[in-house]
Amino acid sequence: MYPIVEKKILNESVTQMEIFAPLVAAKAKAGQFIILRVDGEGERIPLTVAGCDAERGTVQIIFQVVGATTEKLNRKQKGESVCDFVGPLGTPTRTEGMKKVCVVGGGVGCAIALPVAREFFKLGADVTSIAGFRSRSFVILEEEFRACSRRYTVTTDDGSYGERGNVTAPLKALLEGGEKFDMIFAVGPLVMMKFVTETAKPYNIPVTVSMNPIMIDGTGMCGGCRLTLTRGGEKITKFACVDGPDFNGYEVNFDEAMLRGRMYAPFEKKARERACNLFAQAEGGAKHGD
């Protein structure tokens, strides 16, 4: 069992937890992820390592409540435990040798972008960060990004905070203004990463995207996280769990990835509704019993 040593609500749908997992904390690097089970009967879900403290033996995770498992995880409190916490998995983000980078995060994807921005900053790179959210109430990790970025821009779809619009607008303005980056790192909704890549393409700037498709075993055996890349004119299949999660944005077939991702959305919604109903019934029964 892996104890929850800290829990913090970041907004109405996003929660941050710190899990005591010293073996993972000792080895995890920016860009890697873990797979956890909330209890012995639960499903396995991948969550990116948002930070770790090797001295305390803790790993930070940030997740959005979208399905039954994240609903169940979100109901856990400080002092309780999760059943399994396996990692670190995946290939770390390539951060060495970069002098000037732009880190772009969308929504809860900022939880993945932050440790990468921190690692670039730690290695001495000039970091520009751009974060996009639906509205002011969904903004997360702003102070943390400002602490590791020379320049930080936040956008909101409705203009309630920062610049109105999406992350590609400030990115395009920077590129049109003559900014040169050794790399653009993007993570968030697939459509966001697709358009960040298209925005950078005319400027021949390398784009790394962190892909987060459905995963089951985290070893490449199930094939659930497969992606189609186009490399050298040929289509090839890669698996996000073992070959990624980082990929060359210019090679990824985003349209196929979005189509596959949408297939599971109705199932996630129904599973969460069932979980919420079960919790409500259990809580109602407990109160009635009192």
# chains A, B, ... in the order shown; residues from 1 in each chain; ligands from 1

call {"tool": "select_by_dssp", "arguments": {"residues": "range 104-268 of chain A", "states": "strand (DSSP E or B)", "output": "VMD selection string"}}
result
chain A and resid 104 to 106 126 to 133 151 to 156 163 to 164 183 to 187 207 to 210 226 to 231 234 to 239 246 to 248 252

call {"tool": "select_by_dssp", "arguments": {"residues": "range 52-224 of chain A", "states": "alpha helix (DSSP H)", "output": "PyMOL selection string"}}
result
chain A and resi 68-74+110-122+142-147+168-176+190-200

call {"tool": "closest_residue", "arguments": {"among": "A:Asn166, A:Gln60, A:Thr155, A:Asn11", "to": "Ala25 in chain A", "atoms": "only C-alpha atoms"}}
result
A:Gln60

call {"tool": "closest_residue", "arguments": {"among": "A:Leu190, A:Val101, A:Val242, A:Val65", "to": "Arg151 in chain A", "atoms": "only C-alpha atoms"}}
result
A:Val101

call {"tool": "closest_residue", "arguments": {"among": "A:Gly218, A:Pro3, A:Gly162, A:Gly224", "to": "Pro88 in chain A", "atoms": "only C-alpha atoms"}}
result
A:Gly218

call {"tool": "atom_distance", "arguments": {"atom1": "CA of Cys148 in chain A", "atom2": "CA of Lys122 in chain A"}}
result
8.2 Å

call {"tool": "atom_distance", "arguments": {"atom1": "CA of Val127 in chain A", "atom2": "CA of Thr156 in chain A"}}
result
20.8 Å

call {"tool": "atom_distance", "arguments": {"atom1": "CA of Gly188 in chain A", "atom2": "CA of Cys110 in chain A"}}
result
7.1 Å

call {"tool": "closest_atom_pairs", "arguments": {"of": "range 15-110 of chain A", "to": "range 246-250 of chain A", "cutoff": "12 Å", "atoms": "only C-alpha atoms", "output": "CSV"}}
result
residue,atom,partner,partner_atom,distance
A:Ala30,CA,A:Asp246,CA,10.9
A:Gly31,CA,A:Asp246,CA,7.6
A:Gln32,CA,A:Asp246,CA,9.3
A:Phe33,CA,A:Asp246,CA,11.4
A:Thr48,CA,A:Asp246,CA,12.0
A:Gly90,CA,A:Asp246,CA,8.7
A:Thr91,CA,A:Asp246,CA,7.4
A:Pro92,CA,A:Asp246,CA,8.0
A:Thr93,CA,A:Asp246,CA,6.6
A:Arg94,CA,A:Asp246,CA,8.8
A:Thr95,CA,A:Asp246,CA,11.7

call {"tool": "closest_residue", "arguments": {"among": "A:Leu174, A:Met193, A:Ile236, A:Ala200", "to": "Gly106 in chain A", "atoms": "only C-alpha atoms"}}
result
A:Met193

call {"tool": "closest_atom_pairs", "arguments": {"of": "range 48-126 of chain A", "to": "range 201-211 of chain A", "cutoff": "10 Å", "atoms": "only C-alpha atoms", "output": "JSON lines"}}
result
{"residue": "A:Thr93", "atom": "CA", "partner": "A:Ser210", "partner_atom": "CA", "distance": 8.7}
{"residue": "A:Arg94", "atom": "CA", "partner": "A:Thr208", "partner_atom": "CA", "distance": 9.2}
{"residue": "A:Cys102", "atom": "CA", "partner": "A:Val207", "partner_atom": "CA", "distance": 9.5}
{"residue": "A:Val103", "atom": "CA", "partner": "A:Thr208", "partner_atom": "CA", "distance": 9.6}
{"residue": "A:Val104", "atom": "CA", "partner": "A:Val209", "partner_atom": "CA", "distance": 9.5}
{"residue": "A:Gly109", "atom": "CA", "partner": "A:Ser210", "partner_atom": "CA", "distance": 9.0}
{"residue": "A:Ile112", "atom": "CA", "partner": "A:Ser210", "partner_atom": "CA", "distance": 8.3}
{"residue": "A:Ala113", "atom": "CA", "partner": "A:Ser210", "partner_atom": "CA", "distance": 8.9}

call {"tool": "write_last_selection", "arguments": {"atoms": "C-alpha atoms", "output": "compact mmCIF listing (two decimals), in the first residue's frame"}}
result
# COMPACT_ATOMS: atom_id res chain seq x y z
CA THR A 93 11.89 14.07 -21.79
CA ARG A 94 15.10 15.08 -23.54
CA CYS A 102 9.17 27.13 -25.12
CA VAL A 103 6.95 24.94 -22.95
CA VAL A 104 3.24 24.93 -23.87
CA GLY A 109 -1.60 18.98 -19.28
CA ILE A 112 3.05 17.36 -17.23
CA ALA A 113 4.55 20.55 -18.64

call {"tool": "residues_around", "arguments": {"residues": "range 134-147 of chain A", "least_positions_apart": "5", "cutoff": "10 Å", "atoms": "only C-alpha atoms", "output": "ChimeraX atom specification"}}
result
/A:10-14,103,106-108,110-111,113-115,117-118,121,127-129,152-162,164-166

call {"tool": "write_last_selection", "arguments": {"atoms": "N, CA and C atoms", "output": "mmCIF file, in the first residue's frame"}}
result
data_model
loop_
_atom_site.group_PDB
_atom_site.id
_atom_site.type_symbol
_atom_site.label_atom_id
_atom_site.label_comp_id
_atom_site.auth_asym_id
_atom_site.auth_seq_id
_atom_site.Cartn_x
_atom_site.Cartn_y
_atom_site.Cartn_z
ATOM 1 N N LEU A 10 -6.961 21.638 -6.693
ATOM 2 C CA LEU A 10 -6.462 22.746 -7.506
ATOM 3 C C LEU A 10 -7.588 23.531 -8.160
ATOM 4 N N ASN A 11 -8.629 22.839 -8.596
ATOM 5 C CA ASN A 11 -9.848 23.491 -9.066
ATOM 6 C C ASN A 11 -10.982 22.481 -8.971
ATOM 7 N N GLU A 12 -12.137 22.793 -9.496
ATOM 8 C CA GLU A 12 -13.306 21.951 -9.295
ATOM 9 C C GLU A 12 -13.174 20.544 -9.872
ATOM 10 N N SER A 13 -12.235 20.338 -10.791
ATOM 11 C CA SER A 13 -12.100 19.009 -11.390
ATOM 12 C C SER A 13 -10.687 18.445 -11.347
ATOM 13 N N VAL A 14 -9.745 19.180 -10.777
ATOM 14 C CA VAL A 14 -8.340 18.750 -10.772
ATOM 15 C C VAL A 14 -7.809 18.695 -9.340
ATOM 16 N N VAL A 103 7.763 26.021 -23.499
ATOM 17 C CA VAL A 103 6.947 24.940 -22.948
ATOM 18 C C VAL A 103 5.485 25.376 -23.009
ATOM 19 N N GLY A 106 -1.701 22.791 -21.876
ATOM 20 C CA GLY A 106 -3.120 23.066 -21.987
ATOM 21 C C GLY A 106 -3.901 22.353 -20.901
ATOM 22 N N GLY A 107 -4.646 23.102 -20.072
ATOM 23 C CA GLY A 107 -5.467 22.493 -19.038
ATOM 24 C C GLY A 107 -4.655 21.664 -18.062
ATOM 25 N N VAL A 108 -5.157 20.457 -17.770
ATOM 26 C CA VAL A 108 -4.461 19.589 -16.824
ATOM 27 C C VAL A 108 -3.124 19.117 -17.382
ATOM 28 N N CYS A 110 -0.834 20.919 -18.042
ATOM 29 C CA CYS A 110 0.187 21.745 -17.381
ATOM 30 C C CYS A 110 0.886 20.980 -16.270
ATOM 31 N N ALA A 111 0.211 19.964 -15.725
ATOM 32 C CA ALA A 111 0.839 19.130 -14.700
ATOM 33 C C ALA A 111 2.001 18.339 -15.271
ATOM 34 N N ALA A 113 3.633 19.525 -18.138
ATOM 35 C CA ALA A 113 4.549 20.546 -18.640
ATOM 36 C C ALA A 113 5.421 21.124 -17.528
ATOM 37 N N LEU A 114 4.884 21.243 -16.312
ATOM 38 C CA LEU A 114 5.625 21.886 -15.230
ATOM 39 C C LEU A 114 6.944 21.203 -14.885
ATOM 40 N N PRO A 115 6.980 19.877 -14.640
ATOM 41 C CA PRO A 115 8.276 19.267 -14.315
ATOM 42 C C PRO A 115 9.282 19.367 -15.458
ATOM 43 N N ALA A 117 9.402 21.989 -17.616
ATOM 44 C CA ALA A 117 9.884 23.369 -17.539
ATOM 45 C C ALA A 117 10.895 23.527 -16.405
ATOM 46 N N ARG A 118 10.605 22.891 -15.269
ATOM 47 C CA ARG A 118 11.525 22.967 -14.130
ATOM 48 C C ARG A 118 12.878 22.354 -14.458
ATOM 49 N N PHE A 121 14.835 24.651 -16.723
ATOM 50 C CA PHE A 121 15.299 25.776 -15.908
ATOM 51 C C PHE A 121 16.495 25.364 -15.053
ATOM 52 N N VAL A 127 13.689 29.696 -20.392
ATOM 53 C CA VAL A 127 12.386 29.043 -20.526
ATOM 54 C C VAL A 127 11.268 30.068 -20.719
ATOM 55 N N THR A 128 10.513 29.886 -21.797
ATOM 56 C CA THR A 128 9.272 30.613 -22.018
ATOM 57 C C THR A 128 8.128 29.621 -21.845
ATOM 58 N N SER A 129 7.157 29.949 -21.004
ATOM 59 C CA SER A 129 6.032 29.040 -20.776
ATOM 60 C C SER A 129 4.720 29.705 -21.181
ATOM 61 N N TYR A 152 6.218 34.106 -18.857
ATOM 62 C CA TYR A 152 5.058 33.224 -18.698
ATOM 63 C C TYR A 152 3.810 33.920 -19.197
ATOM 64 N N THR A 153 3.050 33.226 -20.046
ATOM 65 C CA THR A 153 1.806 33.774 -20.585
ATOM 66 C C THR A 153 0.678 32.792 -20.321
ATOM 67 N N VAL A 154 -0.443 33.312 -19.801
ATOM 68 C CA VAL A 154 -1.610 32.464 -19.593
ATOM 69 C C VAL A 154 -2.727 32.952 -20.508
ATOM 70 N N THR A 155 -3.442 32.002 -21.105
ATOM 71 C CA THR A 155 -4.578 32.339 -21.958
ATOM 72 C C THR A 155 -5.822 31.633 -21.431
ATOM 73 N N THR A 156 -6.974 32.232 -21.680
ATOM 74 C CA THR A 156 -8.248 31.595 -21.350
ATOM 75 C C THR A 156 -9.180 31.727 -22.548
ATOM 76 N N ASP A 157 -9.976 30.700 -22.765
ATOM 77 C CA ASP A 157 -10.886 30.703 -23.912
ATOM 78 C C ASP A 157 -11.869 31.870 -23.860
ATOM 79 N N ASP A 158 -12.329 32.200 -22.651
ATOM 80 C CA ASP A 158 -13.353 33.237 -22.523
ATOM 81 C C ASP A 158 -12.788 34.608 -22.172
ATOM 82 N N GLY A 159 -11.465 34.715 -22.043
ATOM 83 C CA GLY A 159 -10.849 35.998 -21.738
ATOM 84 C C GLY A 159 -11.003 36.446 -20.301
ATOM 85 N N SER A 160 -11.423 35.537 -19.404
ATOM 86 C CA SER A 160 -11.634 35.914 -18.005
ATOM 87 C C SER A 160 -10.323 36.097 -17.244
ATOM 88 N N TYR A 161 -9.204 35.668 -17.827
ATOM 89 C CA TYR A 161 -7.901 35.846 -17.190
ATOM 90 C C TYR A 161 -6.824 35.764 -18.265
ATOM 91 N N GLY A 162 -5.794 36.590 -18.133
ATOM 92 C CA GLY A 162 -4.720 36.569 -19.109
ATOM 93 C C GLY A 162 -5.204 37.023 -20.475
ATOM 94 N N ARG A 164 -7.066 36.526 -24.069
ATOM 95 C CA ARG A 164 -8.218 35.808 -24.596
ATOM 96 C C ARG A 164 -7.794 34.977 -25.803
ATOM 97 N N GLY A 165 -8.240 33.714 -25.836
ATOM 98 C CA GLY A 165 -7.918 32.842 -26.964
ATOM 99 C C GLY A 165 -7.182 31.604 -26.508
ATOM 100 N N ASN A 166 -6.518 30.945 -27.463
ATOM 101 C CA ASN A 166 -5.799 29.721 -27.131
ATOM 102 C C ASN A 166 -4.292 29.936 -27.194
#

call {"tool": "decode", "arguments": {"residues": "range 29-60 of chain A", "atoms": "N, CA and C atoms", "output": "CSV table (one decimal), in the first residue's frame"}}
result
chain,number,residue,atom,x,y,z
A,29,LYS,N,12.0,10.8,-13.5
A,29,LYS,CA,12.5,12.0,-14.2
A,29,LYS,C,11.4,12.7,-14.9
A,30,ALA,N,11.6,13.9,-15.3
A,30,ALA,CA,10.6,14.7,-16.0
A,30,ALA,C,10.2,14.0,-17.2
A,31,GLY,N,8.9,13.9,-17.4
A,31,GLY,CA,8.3,13.3,-18.6
A,31,GLY,C,7.8,11.9,-18.4
A,32,GLN,N,8.3,11.2,-17.3
A,32,GLN,CA,7.9,9.8,-17.0
A,32,GLN,C,6.5,9.8,-16.3
A,33,PHE,N,6.0,8.6,-16.2
A,33,PHE,CA,4.7,8.4,-15.6
A,33,PHE,C,4.6,7.2,-14.7
A,34,ILE,N,3.6,7.0,-14.0
A,34,ILE,CA,3.3,5.9,-13.1
A,34,ILE,C,2.0,5.2,-13.5
A,35,ILE,N,1.8,4.0,-13.1
A,35,ILE,CA,0.5,3.4,-13.3
A,35,ILE,C,0.0,3.0,-11.9
A,36,LEU,N,-1.2,3.4,-11.5
A,36,LEU,CA,-1.7,3.0,-10.2
A,36,LEU,C,-3.0,2.3,-10.2
A,37,ARG,N,-3.3,1.6,-9.1
A,37,ARG,CA,-4.7,1.1,-8.9
A,37,ARG,C,-5.1,1.6,-7.5
A,38,VAL,N,-6.3,2.1,-7.5
A,38,VAL,CA,-6.8,2.7,-6.2
A,38,VAL,C,-7.0,1.6,-5.2
A,39,ASP,N,-7.6,0.4,-5.6
A,39,ASP,CA,-7.8,-0.7,-4.7
A,39,ASP,C,-7.6,-2.0,-5.5
A,40,GLY,N,-7.7,-3.1,-4.8
A,40,GLY,CA,-7.4,-4.4,-5.4
A,40,GLY,C,-8.3,-4.8,-6.5
A,41,GLU,N,-9.4,-4.2,-6.7
A,41,GLU,CA,-10.4,-4.6,-7.7
A,41,GLU,C,-10.4,-3.5,-8.8
A,42,GLY,N,-9.6,-2.5,-8.7
A,42,GLY,CA,-9.7,-1.3,-9.6
A,42,GLY,C,-8.9,-1.6,-10.9
A,43,GLU,N,-9.1,-0.7,-11.9
A,43,GLU,CA,-8.4,-0.7,-13.1
A,43,GLU,C,-7.1,0.0,-13.0
A,44,ARG,N,-6.2,-0.2,-13.9
A,44,ARG,CA,-4.9,0.4,-13.9
A,44,ARG,C,-5.0,1.7,-14.7
A,45,ILE,N,-4.5,2.8,-14.2
A,45,ILE,CA,-4.5,4.1,-14.9
A,45,ILE,C,-3.2,4.8,-14.9
A,46,PRO,N,-2.7,5.4,-16.0
A,46,PRO,CA,-1.4,6.1,-16.0
A,46,PRO,C,-1.6,7.5,-15.6
A,47,LEU,N,-0.7,8.0,-14.8
A,47,LEU,CA,-0.6,9.4,-14.4
A,47,LEU,C,0.8,9.9,-14.5
A,48,THR,N,1.0,11.0,-15.0
A,48,THR,CA,2.4,11.6,-15.1
A,48,THR,C,2.9,12.0,-13.8
A,49,VAL,N,4.2,11.8,-13.6
A,49,VAL,CA,4.9,12.3,-12.4
A,49,VAL,C,5.0,13.8,-12.5
A,50,ALA,N,4.3,14.5,-11.6
A,50,ALA,CA,4.3,15.9,-11.6
A,50,ALA,C,5.4,16.5,-10.8
A,51,GLY,N,6.0,15.7,-10.0
A,51,GLY,CA,7.2,16.1,-9.2
A,51,GLY,C,7.5,15.0,-8.3
A,52,CYS,N,8.7,15.1,-7.7
A,52,CYS,CA,9.1,14.1,-6.7
A,52,CYS,C,10.1,14.7,-5.8
A,53,ASP,N,10.1,14.1,-4.6
A,53,ASP,CA,11.1,14.5,-3.5
A,53,ASP,C,11.8,13.2,-3.0
A,54,ALA,N,13.0,13.0,-3.5
A,54,ALA,CA,13.7,11.8,-3.2
A,54,ALA,C,14.0,11.7,-1.7
A,55,GLU,N,14.3,12.8,-1.1
A,55,GLU,CA,14.6,12.8,0.4
A,55,GLU,C,13.4,12.4,1.2
A,56,ARG,N,12.2,12.9,0.8
A,56,ARG,CA,11.0,12.5,1.6
A,56,ARG,C,10.4,11.2,1.1
A,57,GLY,N,10.9,10.8,-0.2
A,57,GLY,CA,10.3,9.5,-0.7
A,57,GLY,C,8.9,9.7,-1.3
A,58,THR,N,8.6,10.9,-1.7
A,58,THR,CA,7.2,11.1,-2.2
A,58,THR,C,7.2,11.5,-3.7
A,59,VAL,N,6.1,11.1,-4.3
A,59,VAL,CA,5.8,11.4,-5.7
A,59,VAL,C,4.5,12.2,-5.8
A,60,GLN,N,4.6,13.3,-6.6
A,60,GLN,CA,3.4,14.1,-6.8
A,60,GLN,C,2.7,13.8,-8.1
